[in-house]
Amino acid sequence: MEEFLLNSPSPVLRIEKEGVILYANEAGKSLLEAWGSGVGEKVPVKIRETVRKAALKKKSEYMELETGEKTYSATFIPSADGKYTILHASDVTFSKQAAKKLSLKLSLIDRYQEALSQITELALKTSDIRTLLEESLTLIAATLDVEYCKILKILPDGNFLFETGIGWKIEDIGKVIERDAASTAVYTVLSKKPIQIEELNRKGSIDGMGLKGYQEIINGISVLIGRVEKPYGVLTVHSTKKETFTKEETSFLNSIASLISLTIERNKVESTLREKIHYLETLLDTIPAPVFYTDKEGVYRGCNELFARMILGSSKEQVTRCSVDELSETIPPELGDVFRRVDRQLLQRGGSQVYESKVMCSDGIIRQFLFNKAVYRNLNGTVEGLVGVMLDITGRKLTEENLLKSEERYRLAAEQTGQLIYEFDLQNGHVEWAGAVTELTGYSYNEMQDFTYYDWLYHIPSEERRRVQKEFKKCWNTGEKFNEEFRFRRKDGSYFFVENKGVYLRDEEGCVCKALGVMKDITEIKLSSEKLKESEELYRSFLQNFKGIAFKVDRDFTPLFLEGALEEITGYTGEDFISGRINLPDIIYPEDRPLFSISRKKMRSSPNSIMEHEYRLTRKDGTVKWVHELIHNICDASGKTEFIQGYAYDITLKKKAEETLEKAEAIGMREIHHRIKNNLQVVSSLLSLQADKFKDKDVIEAFRESENRVISMSIIHEELHKSEDTTSIDFEAYLRKLTSDLLYSYRVGNEKIRLFLDIGHIFIGVDTAVPLGIIINELFSNSLKYAFSKGVEGEIRISLCRKPEALEPGSAPEKDTGIKDTGITDSGMYPGFTLVYSDNGGHFPENIDIKNPETLGLQLVNALVEQIDGTIDLEKGEETKYTIQFDDKDLPEKS
């Protein structure tokens with residue numbers, strides 16, 4: 001070791017314990033010259049003390065040596081016997097100089113940061129843009145030590161307005177500068193980057209703008225204000241001293257330009273918000289029902305004129321900012337008691353509540369109201385208060401009483417006229433029957449009361465049952481009234497023809513809850529109708545004015561009769577089809593042939609069935625037409641098919657109109673999602689700017705968490721904007737972008753954390769995707785912040801899969817297994833999903849109850865899981881694992 005040091009190119013000396021220099025290598029002679037010593041002589045006192053200290057302690061000592069222009073880092077290494085010490089010096093002059101330069105640079109950066117902080121504070125406090133611009137330019141000039149600053153605003157015609165400046169003549173401010181004269185500003189806008197003024201004709205640029213008398217200016221720089229696609233203007237500074245502007249100064253000016261741009265955009269947004277608030281207040285006053293909203297303490301924050309005048313006999317201004325107790329003299333006592341009781345319950349559990357109550361109004365009249373109240377929350381999910389709507393149902397109550405009397409009269413009339421009335425409660429399966437029960441079915445009244453939906457359904461012949469179910473399902477989804485004809489089996493096994501008319505009723509939440517209908521015996525009418533069909537001459541005369549195609553074919557679908565606009569729709573004559581020269585399947589559009597073939601097979605195997613479907617066919621001239629076809633399988637008394645008849649008509653124009661409408665709606669929805677995404681990004685930027693003004697880490701972290709939640713929603717609307725489908729998103733693509741952004745946001749200390757996604761090609765409705773995205777955002781952020789120690793390796797796994805699906809809505813079991821299909825799956829007609837989130841950080845606290853957490857993040861997770869009607873379970877240990885199960889009710893059939 002000693003030989004290595006003595007041969008080192010750095011200064012090395014061997015010094016005796018008392019300070020005598022025993023040896024110095026070639027590089028060490030520079031030290032001897034600086035000390036004025038030589039070999040055999042003693043070193044300076046300070047170095048002698050350090051040599052003696054190292055020898056006595058037998059432990060290396062360190063010190064810094066200054067020798068003229070050089071600085072050394074010296075190490076004193078004692079010998080094993082302590083008789084001498086080896087001094088090894090390393091030249092650290094360059095490091096010291098670099099440190100001084102860095103310190104100077106950091107000082108400049110601090111100045112820039114301080115100026116930016118002052119301008120940021122000014123932007124948040126000042127609503128007047130002119131004041132902001134003038135004070136910002138003053139700070140820029142002082143910070144950069146320049147004499148001239150100006151802002152040129154871009155006018156709609158492409159010219160520039162000298163909006164404000166520092167150092168310039170008063171008469172120059174406010175000038176309109178032609179586009180051709182403002183070469184520097186134009187070049188800055190076109191290049192979209194900072195421009196050093198010496199790169200252009202400086203004197204020609206300033207003089208050309210009509211700004212005279214500034215010959216002392218020798219340099220400048222120009223930066224863009226605002227978005228590159230729609231800039232606000234140009235910020236320019238000039239100096240009479242500086243040769244050039246540094247990269248740090250350029251960055252400083254860019255930051256200020258961005259801040260000014262954001263403030264201008266913020267003012268536009270605030271102006272828009274004020275307009276919207278005025279619009280909402282006007283809208284509230286136009287609602288023909290009393291509306292109000294209060295905070296958590298029961299203080300009215302607003303109401304419409306109808307509530308103030310009709311209920312309290314006051315004005316909006318007198319009601320606002322007053323509590324229920326303060327208005328006790330004007331609020332009817334029973335209304336005040338109800339408010340206090342219901343409001344307390346609602347604020348505690350959240351959600352909404354609907355109830356009825358009688359109220360003494362300000363005019364002294366007692367009215368019946370339907371109250372609909374709900375909590376409203378801020379962006380963090382915290383309950384802020386209640387909003388309520390009062391619907392006057394006094395007239396409806398009187399109508400209901402009259403309706404009950406009318407229903408009783410109707411039941412008696414139905415019984416006397418041979419009709420059967422029923423009411424199905426689809427939520428509990430209960431059925432009520434009334435009217436001519438025994439006369440029509442042969443069952444007693446008590447026997448019919450035990451009938452369920454399935455009992456009723458299986459009294460319809462199997463060949464007609466599916467058709468009836470299909471019609472019911474269609475009306476269920478569309479809300480249309482149903483009107484079906486079918487045969488119904490009596491108690492003695494005989495059948496009679498039924499005309500079944502009715503409607504589905506929905507509850508306050510829009511869910512189908514009941515079916516009301518009337519069954520009427522039309523056997524005689526059907527028999528008469530059959531006889532009427534035998535008269536083809538009458539049928540032909542009708543078809544002369546029919547704009548579609550009427551046809552009759554045998555059970556093998558060989559044409560027997562064709563009439564109507566056959567040639568107009570197909571381009572072929574009736575003779576072409578009757579003779580067999582043209583077969584209908586041959587002109588069916590190739591993509592529609594499989595469905596056409598299936599429907600023909602079903603028709604052949606389903607006696608007395610009626611089918612409707614749509615398909616395309618290719619005309620003789622090559623054009624394509626859409627047709628709607630209805631066919632009826634006519635059977636004899638034994639149930640054997642006699643012939644098949646039906647009609648078809650041209651629906652091409654209708655199809656084109658539907659396609660055009662769908663495209664327009666899709667474009668409109670994508671534009672809406674694009675605007676929502678942009679607005680959320682503005683909110684995210686504002687949160688980021690607001691966080692910059694704080695020093696407290698907890699406050700900054702809260703702002704960053706809020707910003708990440710906003711970003712998670714923004715990504716969803718970005719995906720919807722890019723997608724052809726504006727109602728659902730590819731959740732895999734969304735989750736990859738969300739987690740990527742979060743990993744970047746929390747990248748420091750988490751470089752070794754690996755993420756594994758197992759999602760698959762799953763689409764989720766937007767109303768479910770938004771809360772689900774925020775849930776994953778919260779869990780992922782918690783893992784990155786708390787689960788892993790800094791620098792350790794770890795894994796985070798996220799999987800999403802669909803739970804096993806039940807029968808499709810409206811489908812019946814293929815075999816009679818004793819379980820009859822209601823048309824509703826156990827999960828409410830909607831497929832379910834399971835989300836599993838886990839990390840192996842193993843740092844989840846044992847004292848935290850996932851069902852009643854104290855942290856805001858986990859409270860938000862619980863609230864959002866409840867919002868999507870889901871459940872959440874937590875497994876702790878070496879691996880923390882969350883299992884969330886939910887249904888996507890916005891997307892029943894997509895995957």
# chains A, B, ... in the order shown; residues from 1 in each chain; ligands from 1

call {"tool": "select_by_dssp", "arguments": {"residues": "region 289-467 of chain A", "states": "strand (DSSP E)", "output": "MDAnalysis selection string"}}
result
chainID A and resid 291:295 300:303 352:360 366:377 383:392 419:425 431:435

call {"tool": "select_by_dssp", "arguments": {"residues": "region 455-584 of chain A", "states": "alpha helix (DSSP H)", "output": "NGL selection string"}}
result
:A and (455-457 or 462-478 or 523-533 or 536-543 or 566-570 or 574-578 or 584)

call {"tool": "residues_around", "arguments": {"residues": "Ser37 (chain A)", "least_positions_apart": "2", "cutoff": "12 Å", "atoms": "only C-alpha atoms", "output": "ChimeraX atom specification"}}
result
/A:19-24,28-35,39-44

call {"tool": "write_last_selection", "arguments": {"atoms": "N, CA and C atoms", "output": "short mmCIF file (atom, residue, chain, number, x, y, z; two decimals), in the first residue's frame"}}
result
data_model
loop_
_atom_site.label_atom_id
_atom_site.label_comp_id
_atom_site.auth_asym_id
_atom_site.auth_seq_id
_atom_site.Cartn_x
_atom_site.Cartn_y
_atom_site.Cartn_z
N GLY A 19 7.25 15.80 12.67
CA GLY A 19 7.03 16.79 11.63
C GLY A 19 8.13 16.93 10.63
N VAL A 20 9.21 16.12 10.71
CA VAL A 20 10.32 16.21 9.78
C VAL A 20 9.97 15.48 8.49
N ILE A 21 10.23 16.13 7.33
CA ILE A 21 9.92 15.53 6.04
C ILE A 21 10.99 14.52 5.70
N LEU A 22 10.62 13.25 5.59
CA LEU A 22 11.56 12.18 5.30
C LEU A 22 11.65 11.90 3.80
N TYR A 23 10.51 12.11 3.06
CA TYR A 23 10.53 11.79 1.63
C TYR A 23 9.40 12.56 0.94
N ALA A 24 9.63 12.94 -0.32
CA ALA A 24 8.58 13.58 -1.14
C ALA A 24 8.74 13.12 -2.58
N GLY A 28 4.95 15.79 -5.11
CA GLY A 28 4.87 16.40 -3.79
C GLY A 28 5.75 17.61 -3.60
N LYS A 29 6.70 17.83 -4.54
CA LYS A 29 7.60 18.96 -4.40
C LYS A 29 6.87 20.29 -4.51
N SER A 30 5.68 20.26 -5.22
CA SER A 30 4.92 21.50 -5.31
C SER A 30 4.42 21.94 -3.94
N LEU A 31 4.12 20.95 -3.06
CA LEU A 31 3.70 21.27 -1.70
C LEU A 31 4.86 21.87 -0.90
N LEU A 32 6.06 21.28 -1.10
CA LEU A 32 7.22 21.76 -0.35
C LEU A 32 7.54 23.21 -0.73
N GLU A 33 7.39 23.51 -2.06
CA GLU A 33 7.64 24.87 -2.51
C GLU A 33 6.65 25.85 -1.88
N ALA A 34 5.36 25.41 -1.82
CA ALA A 34 4.34 26.29 -1.24
C ALA A 34 4.59 26.52 0.24
N TRP A 35 5.19 25.49 0.94
CA TRP A 35 5.46 25.65 2.39
C TRP A 35 6.81 26.33 2.67
N VAL A 39 13.10 18.35 2.04
CA VAL A 39 13.32 17.06 2.72
C VAL A 39 14.33 17.28 3.82
N GLY A 40 14.06 16.76 5.03
CA GLY A 40 14.90 16.96 6.18
C GLY A 40 14.45 18.13 7.03
N GLU A 41 13.54 18.95 6.51
CA GLU A 41 13.03 20.08 7.26
C GLU A 41 11.63 19.78 7.77
N LYS A 42 11.14 20.63 8.65
CA LYS A 42 9.82 20.39 9.24
C LYS A 42 8.71 21.06 8.42
N VAL A 43 7.56 20.43 8.53
CA VAL A 43 6.37 20.96 7.86
C VAL A 43 5.77 22.08 8.71
N PRO A 44 4.86 22.89 8.15
CA PRO A 44 4.22 23.95 8.94
C PRO A 44 3.53 23.40 10.19
#

call {"tool": "residues_around", "arguments": {"residues": "Arg754 (chain A)", "least_positions_apart": "6", "cutoff": "7 Å", "atoms": "only C-alpha atoms", "output": "list in words"}}
result
Gly794, Glu795 and Ile796 of chain A

call {"tool": "closest_residue", "arguments": {"among": "A:Val223, A:Val836, A:Leu566, A:Val503", "to": "Thr871 (chain A)", "atoms": "only C-alpha atoms"}}
result
A:Val836

call {"tool": "atom_distance", "arguments": {"atom1": "CA of Val375 (chain A)", "atom2": "CA of Tyr293 (chain A)"}}
result
9.4 Å

call {"tool": "atom_distance", "arguments": {"atom1": "CA of Val498 (chain A)", "atom2": "CA of Lys552 (chain A)"}}
result
25.3 Å

call {"tool": "closest_residue", "arguments": {"among": "A:Phe643, A:Ala142, A:Gly381, A:Arg111", "to": "Gln867 (chain A)", "atoms": "only C-alpha atoms"}}
result
A:Gly381

call {"tool": "residues_around", "arguments": {"residues": "region 469-483 of chain A", "least_positions_apart": "3", "cutoff": "7 Å", "atoms": "only C-alpha atoms", "output": "ChimeraX atom specification"}}
result
/A:465-466,500-504,810

call {"tool": "residues_around", "arguments": {"residues": "Asp392 (chain A)", "least_positions_apart": "4", "cutoff": "7 Å", "atoms": "only C-alpha atoms", "output": "list in words"}}
result
Gln368, Phe369 and Leu370 of chain A

call {"tool": "write_last_selection", "arguments": {"atoms": "N, CA and C atoms", "output": "mmCIF file, in the first residue's frame"}}
result
data_model
loop_
_atom_site.group_PDB
_atom_site.id
_atom_site.type_symbol
_atom_site.label_atom_id
_atom_site.label_comp_id
_atom_site.auth_asym_id
_atom_site.auth_seq_id
_atom_site.Cartn_x
_atom_site.Cartn_y
_atom_site.Cartn_z
ATOM 1 N N GLN A 368 -100.871 18.571 -0.902
ATOM 2 C CA GLN A 368 -100.091 17.332 -0.782
ATOM 3 C C GLN A 368 -98.885 17.441 -1.722
ATOM 4 N N PHE A 369 -97.674 17.237 -1.170
ATOM 5 C CA PHE A 369 -96.450 17.333 -1.972
ATOM 6 C C PHE A 369 -95.686 16.015 -1.947
ATOM 7 N N LEU A 370 -95.020 15.725 -3.074
ATOM 8 C CA LEU A 370 -94.061 14.628 -3.156
ATOM 9 C C LEU A 370 -92.668 15.248 -3.061
#
